[in-house]
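Novice: Next up, structure_6.pdb (PDB, C-alpha atoms and all ligand atoms).
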MODEL        1
ATOM      1  CA  MET L   1    -186.185   9.095  58.721
ATOM      2  CA  ASN L   2    -189.027  10.172  60.983
ATOM      3  CA  GLY L   3    -189.079  11.518  64.502
ATOM      4  CA  LYS L   4    -187.807  14.653  66.100
ATOM      5  CA  VAL L   5    -184.358  16.139  65.648
ATOM      6  CA  LEU L   6    -182.494  17.883  68.460
ATOM      7  CA  VAL L   7    -180.292  20.789  67.426
ATOM      8  CA  ALA L   8    -178.010  21.315  70.444
ATOM      9  CA  TYR L   9    -175.407  24.039  70.501
ATOM     10  CA  ALA L  10    -172.866  25.898  72.613
ATOM     11  CA  SER L  11    -172.268  29.628  72.273
ATOM     12  CA  LYS L  12    -170.578  32.466  74.129
ATOM     13  CA  CYS L  13    -172.012  35.513  72.361
ATOM     14  CA  GLY L  14    -175.218  34.160  70.827
ATOM     15  CA  SER L  15    -174.448  33.930  67.126
ATOM     16  CA  THR L  16    -174.124  30.130  67.106
ATOM     17  CA  GLY L  17    -177.644  29.908  68.538
ATOM     18  CA  GLU L  18    -178.894  31.795  65.503
ATOM     19  CA  ILE L  19    -177.148  29.240  63.277
ATOM     20  CA  ALA L  20    -178.773  26.412  65.263
ATOM     21  CA  LYS L  21    -182.161  28.079  64.777
ATOM     22  CA  ALA L  22    -181.614  28.377  61.019
ATOM     23  CA  VAL L  23    -180.649  24.676  60.868
ATOM     24  CA  ALA L  24    -183.837  23.746  62.736
ATOM     25  CA  GLU L  25    -185.919  25.918  60.412
ATOM     26  CA  GLU L  26    -184.464  24.204  57.352
ATOM     27  CA  LEU L  27    -185.166  20.781  58.833
ATOM     28  CA  ALA L  28    -188.721  21.862  59.632
ATOM     29  CA  ALA L  29    -189.150  23.148  56.077
ATOM     30  CA  ARG L  30    -188.397  19.585  54.973
ATOM     31  CA  GLY L  31    -190.903  18.068  57.347
ATOM     32  CA  ARG L  32    -188.603  17.228  60.283
ATOM     33  CA  LEU L  33    -189.700  18.596  63.629
ATOM     34  CA  ALA L  34    -186.662  20.049  65.358
ATOM     35  CA  ASP L  35    -186.030  21.401  68.851
ATOM     36  CA  VAL L  36    -183.202  23.836  69.538
ATOM     37  CA  ALA L  37    -181.478  23.729  72.934
ATOM     38  CA  LEU L  38    -178.308  24.846  74.647
ATOM     39  CA  ALA L  39    -176.079  21.767  74.957
ATOM     40  CA  GLU L  40    -175.695  22.245  78.717
ATOM     41  CA  ASN L  41    -179.474  22.166  79.234
ATOM     42  CA  VAL L  42    -180.067  18.786  77.581
ATOM     43  CA  LYS L  43    -180.726  16.096  80.163
ATOM     44  CA  ASP L  44    -181.453  13.163  77.851
ATOM     45  CA  LEU L  45    -182.074  12.284  74.217
ATOM     46  CA  ALA L  46    -185.325  10.392  74.748
ATOM     47  CA  GLY L  47    -187.751  11.129  71.934
ATOM     48  CA  TYR L  48    -185.109  12.227  69.435
ATOM     49  CA  SER L  49    -184.261  10.193  66.372
ATOM     50  CA  ALA L  50    -181.319  12.375  65.278
ATOM     51  CA  VAL L  51    -179.071  15.098  66.675
ATOM     52  CA  VAL L  52    -177.284  18.098  65.192
ATOM     53  CA  LEU L  53    -174.575  19.370  67.539
ATOM     54  CA  GLY L  54    -172.870  22.709  66.980
ATOM     55  CA  SER L  55    -170.370  24.902  68.753
ATOM     56  CA  ALA L  56    -168.510  28.151  68.515
ATOM     57  CA  VAL L  57    -164.727  27.909  68.815
ATOM     58  CA  ARG L  58    -162.637  29.624  71.474
ATOM     59  CA  PHE L  59    -158.893  29.361  71.765
ATOM     60  CA  GLY L  60    -158.541  26.459  69.368
ATOM     61  CA  GLY L  61    -161.430  24.213  70.311
ATOM     62  CA  TRP L  62    -165.152  23.714  70.768
ATOM     63  CA  LEU L  63    -166.780  25.190  73.855
ATOM     64  CA  SER L  64    -166.880  22.800  76.786
ATOM     65  CA  PRO L  65    -170.709  22.408  76.953
ATOM     66  CA  ALA L  66    -170.662  20.998  73.398
ATOM     67  CA  VAL L  67    -167.673  18.731  74.056
ATOM     68  CA  GLY L  68    -169.402  17.662  77.270
ATOM     69  CA  PHE L  69    -172.582  16.877  75.343
ATOM     70  CA  ALA L  70    -170.655  14.573  72.987
ATOM     71  CA  ALA L  71    -168.979  12.852  75.937
ATOM     72  CA  ARG L  72    -172.186  12.568  77.971
ATOM     73  CA  PHE L  73    -174.273  11.132  75.144
ATOM     74  CA  HIS L  74    -171.671   9.200  73.164
ATOM     75  CA  GLU L  75    -173.522   5.956  73.895
ATOM     76  CA  PRO L  76    -176.998   6.940  72.548
ATOM     77  CA  LEU L  77    -175.327   8.880  69.735
ATOM     78  CA  ARG L  78    -173.974   5.570  68.442
ATOM     79  CA  SER L  79    -177.453   4.402  67.540
ATOM     80  CA  ILE L  80    -178.948   7.569  66.010
ATOM     81  CA  PRO L  81    -177.542   9.807  63.252
ATOM     82  CA  VAL L  82    -175.574  12.825  64.384
ATOM     83  CA  ALA L  83    -174.256  15.759  62.371
ATOM     84  CA  VAL L  84    -171.961  18.470  63.683
ATOM     85  CA  PHE L  85    -171.206  22.053  62.759
ATOM     86  CA  THR L  86    -168.551  24.462  63.922
ATOM     87  CA  ALA L  87    -168.769  28.272  63.899
ATOM     88  CA  HIS L  88    -165.398  29.960  63.832
ATOM     89  CA  ILE L  89    -163.510  32.922  62.421
ATOM     90  CA  MET L  90    -159.969  31.729  61.703
ATOM     91  CA  ALA L  91    -158.721  28.958  59.383
ATOM     92  CA  LEU L  92    -161.551  29.738  56.965
ATOM     93  CA  GLY L  93    -159.627  29.186  53.724
ATOM     94  CA  GLU L  94    -159.083  26.132  51.571
ATOM     95  CA  SER L  95    -155.320  25.747  52.139
ATOM     96  CA  GLU L  96    -154.008  22.528  53.699
ATOM     97  CA  GLU L  97    -153.087  24.544  56.766
ATOM     98  CA  ASP L  98    -156.568  26.016  57.197
ATOM     99  CA  ARG L  99    -158.275  22.675  56.608
ATOM    100  CA  ALA L 100    -156.052  20.994  59.186
ATOM    101  CA  GLY L 101    -156.503  23.942  61.546
ATOM    102  CA  ARG L 102    -160.278  23.747  61.595
ATOM    103  CA  GLN L 103    -160.305  19.958  61.648
ATOM    104  CA  ALA L 104    -158.272  20.178  64.857
ATOM    105  CA  TYR L 105    -161.141  22.114  66.479
ATOM    106  CA  ILE L 106    -163.299  18.998  66.430
ATOM    107  CA  ALA L 107    -160.641  16.327  67.071
ATOM    108  CA  PRO L 108    -161.668  15.785  70.731
ATOM    109  CA  VAL L 109    -165.321  15.499  69.673
ATOM    110  CA  LEU L 110    -164.538  12.873  67.036
ATOM    111  CA  LYS L 111    -163.085  10.698  69.793
ATOM    112  CA  GLU L 112    -166.577  10.541  71.284
ATOM    113  CA  ILE L 113    -168.923  10.465  68.299
ATOM    114  CA  THR L 114    -168.908   9.622  64.589
ATOM    115  CA  PRO L 115    -170.910  12.254  62.729
ATOM    116  CA  MET L 116    -172.401  11.480  59.333
ATOM    117  CA  SER L 117    -171.726  15.075  58.318
ATOM    118  CA  THR L 118    -169.394  17.797  59.602
ATOM    119  CA  ALA L 119    -169.609  21.430  58.533
ATOM    120  CA  PHE L 120    -167.504  24.484  59.259
ATOM    121  CA  PHE L 121    -169.167  27.884  59.058
ATOM    122  CA  ALA L 122    -167.697  31.353  59.253
ATOM    123  CA  GLY L 123    -169.083  32.903  62.444
ATOM    124  CA  LYS L 124    -169.498  36.300  63.984
ATOM    125  CA  VAL L 125    -167.221  38.433  66.149
ATOM    126  CA  ASP L 126    -168.978  41.366  67.789
ATOM    127  CA  PRO L 127    -166.335  43.504  69.555
ATOM    128  CA  ASP L 128    -169.051  45.070  71.748
ATOM    129  CA  LYS L 129    -169.632  41.670  73.363
ATOM    130  CA  LEU L 130    -165.975  40.985  74.160
ATOM    131  CA  SER L 131    -163.923  41.758  77.230
ATOM    132  CA  PHE L 132    -160.790  43.882  76.985
ATOM    133  CA  PHE L 133    -158.728  40.687  77.310
ATOM    134  CA  GLU L 134    -160.630  38.963  74.498
ATOM    135  CA  LYS L 135    -160.307  41.977  72.209
ATOM    136  CA  THR L 136    -156.570  42.156  72.903
ATOM    137  CA  ILE L 137    -156.085  38.460  72.148
ATOM    138  CA  GLY L 138    -158.161  38.833  68.978
ATOM    139  CA  ARG L 139    -155.899  41.649  67.800
ATOM    140  CA  ILE L 140    -152.752  39.644  68.585
ATOM    141  CA  VAL L 141    -153.884  36.592  66.621
ATOM    142  CA  GLY L 142    -155.239  38.733  63.769
ATOM    143  CA  SER L 143    -158.844  37.615  64.196
ATOM    144  CA  ALA L 144    -161.437  39.004  61.768
ATOM    145  CA  GLU L 145    -164.346  41.056  63.086
ATOM    146  CA  GLY L 146    -167.946  41.267  61.945
ATOM    147  CA  ASP L 147    -170.707  38.914  60.902
ATOM    148  CA  LEU L 148    -169.295  36.469  58.343
ATOM    149  CA  ARG L 149    -172.124  33.956  58.536
ATOM    150  CA  ASP L 150    -173.152  32.662  55.115
ATOM    151  CA  TRP L 151    -176.817  31.821  55.514
ATOM    152  CA  THR L 152    -177.037  30.202  52.091
ATOM    153  CA  LYS L 153    -174.233  27.800  53.019
ATOM    154  CA  ILE L 154    -175.697  27.135  56.471
ATOM    155  CA  ARG L 155    -179.221  26.535  55.204
ATOM    156  CA  GLY L 156    -177.916  24.536  52.245
ATOM    157  CA  TRP L 157    -176.043  22.165  54.556
ATOM    158  CA  ALA L 158    -179.041  21.739  56.852
ATOM    159  CA  GLY L 159    -181.354  21.162  53.914
ATOM    160  CA  GLU L 160    -179.199  18.351  52.569
ATOM    161  CA  LEU L 161    -178.815  16.469  55.841
ATOM    162  CA  THR L 162    -180.180  12.964  55.550
ATOM    163  CA  ILE L 163    -180.773  12.430  59.227
TER     164      ILE L 163
HETATM  165  C1  LIG Y   1    -161.993  35.075  72.739
HETATM  166  C2  LIG Y   1    -162.264  34.421  71.417
HETATM  167  C3  LIG Y   1    -161.496  33.367  70.986
HETATM  168  C4  LIG Y   1    -161.742  32.775  69.729
HETATM  169  N1  LIG Y   1    -160.938  31.755  69.312
HETATM  170  C5  LIG Y   1    -161.106  31.267  68.057
HETATM  171  C6  LIG Y   1    -160.227  30.282  67.554
HETATM  172  O1  LIG Y   1    -159.322  29.794  68.225
HETATM  173  N2  LIG Y   1    -160.412  29.870  66.277
HETATM  174  C7  LIG Y   1    -161.422  30.364  65.472
HETATM  175  O2  LIG Y   1    -161.508  29.974  64.315
HETATM  176  N3  LIG Y   1    -162.301  31.267  65.954
HETATM  177  C8  LIG Y   1    -162.161  31.732  67.218
HETATM  178  N4  LIG Y   1    -163.031  32.662  67.697
HETATM  179  C9  LIG Y   1    -164.185  33.070  66.860
HETATM  180  C10 LIG Y   1    -165.530  32.481  67.331
HETATM  181  O3  LIG Y   1    -165.495  31.080  67.291
HETATM  182  C11 LIG Y   1    -166.638  32.983  66.417
HETATM  183  O4  LIG Y   1    -166.664  34.386  66.500
HETATM  184  C12 LIG Y   1    -167.997  32.411  66.731
HETATM  185  O5  LIG Y   1    -168.865  32.675  65.646
HETATM  186  C13 LIG Y   1    -168.580  32.971  68.001
HETATM  187  O6  LIG Y   1    -169.810  32.350  68.261
HETATM  188  P1  LIG Y   1    -170.796  32.827  69.429
HETATM  189  O7  LIG Y   1    -171.320  34.197  69.031
HETATM  190  O8  LIG Y   1    -171.869  31.806  69.427
HETATM  191  O9  LIG Y   1    -170.039  32.837  70.700
HETATM  192  C14 LIG Y   1    -162.808  33.252  68.920
HETATM  193  C15 LIG Y   1    -163.602  34.313  69.386
HETATM  194  C16 LIG Y   1    -163.328  34.901  70.623
HETATM  195  C17 LIG Y   1    -164.194  36.057  71.061
ENDMDL
END
Reformat the file's structure so that it appears as C-alpha cells.
Ligand SMILES: Cc1cc2nc3c(=O)[nH]c(=O)nc-3n(C[C@H](O)[C@H](O)[C@H](O)COP(=O)(O)O)c2cc1C

Specialist:
Amino acid sequence: MNGKVLVAYASKCGSTGEIAKAVAEELAARGRLADVALAENVKDLAGYSAVVLGSAVRFGGWLSPAVGFAARFHEPLRSIPVAVFTAHIMALGESEEDRAGRQAYIAPVLKEITPMSTAFFAGKVDPDKLSFFEKTIGRIVGSAEGDLRDWTKIRGWAGELTI
C-alpha cells in the first residue's frame, strides 16, 4: 500500500496521543507517511489511503470524538483499510470476562466500521490530572494507577499493520 496514513485519536489526559504518535513513528519507519490528529479536528479523509483510529476509554466506552469519527466517516472507511486501538486500564487480563469486557468498549464502533486489526493497550492513569470525582470513582471501581503502556507491544502492533 502507498499513500498517507491518518492516525486519529481521542484522549482526555494526553497519554493516548503519545500512543498515536508512536504508531505514526513506526509506520514512518516502514516507509508510510503518517499524520497524527485529534479525531475531533479531522474534517475529511481526502489524501489518506488508510486510517488508524484510537481512543482512551472512560466509563465503559470509547470517548465520543472517536466514536463520532467512526460514525462521521463510516462511508469512506469502507473503501480504505482501517485499524483501531483502545487504551484502557481495566479488563487487561486474558480471562473470558476481561476479553469480553474490553471487546464491549468497541462494540458501538464496530457497528460503524470494520477494522482489519483491533488492539487493546494498557494505558496510563495520572491521578494529578483527575478531578476529585474521577479519583473517587477510580477508587470505587478499583482502577489501577500509573503508566502501564507497553511500548514494545504498541510499536510491534503498528509495525505489523498491513495498511
Ligand atoms: C474517569 C475515568 C474513567 C475510566 N474508565 C475506564 C473504564 O471504564 N475502563 C477502562 O478500562 N479504563 C478506564 N479508564 C482508564 C483510561 O482509559 C486510561 O487511563 C487511558 O489510558 C487514559 O488515556 P488518556 O490519557 O489519553 O486520557 C478510565 C480513566 C478515568 C480517569

Novice: Point out the residue among L:Pro65, L:Pro115, L:Gly142, L:Pro108 with the least atom-to-atom distance to Ile89 (chain L), counting all atoms listed in the file.

Specialist: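 Closest to Ile89 (chain L), using all atoms listed in the file: L:Gly142.
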
Novice: Near region 14-29 of chain L, within 8 Å and counting only C-alpha atoms, which residues show up once chain neighbours fewer than 2 positions away are dropped, as a PyMOL selection string?

Specialist: chain L and resi 7-12+31-36+38+54-56+87+123-124+154-155+158-159

Novice: Could you state the separation of CA of Ser131 (chain L) and atom O9 of ligand LIG 1 (chain Y) in Å, given to one decimal place?

Specialist: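 Atom-to-atom, CA of Ser131 (chain L) to atom O9 of ligand LIG 1 (chain Y), that is 12.6 Å.
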
Novice: Name every residue that the PyMOL selection byres (((chain L and resi 71) around 10) and not hetatm) selects in this structure, writing the answer as an NGL selection string with chains first and numbers rising.

Specialist: :L and (65-70 or 72-75 or 77 or 108-113)

Novice: Quick one: of L:Glu145, L:Asp128, L:Glu134, L:Glu160, who's nearest to ligand LIG 1 (chain Y), counting only C-alpha atoms and all ligand atoms?

Specialist: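 Nearest candidate to ligand LIG 1 (chain Y) out of L:Glu145, L:Asp128, L:Glu134, L:Glu160: L:Glu134.
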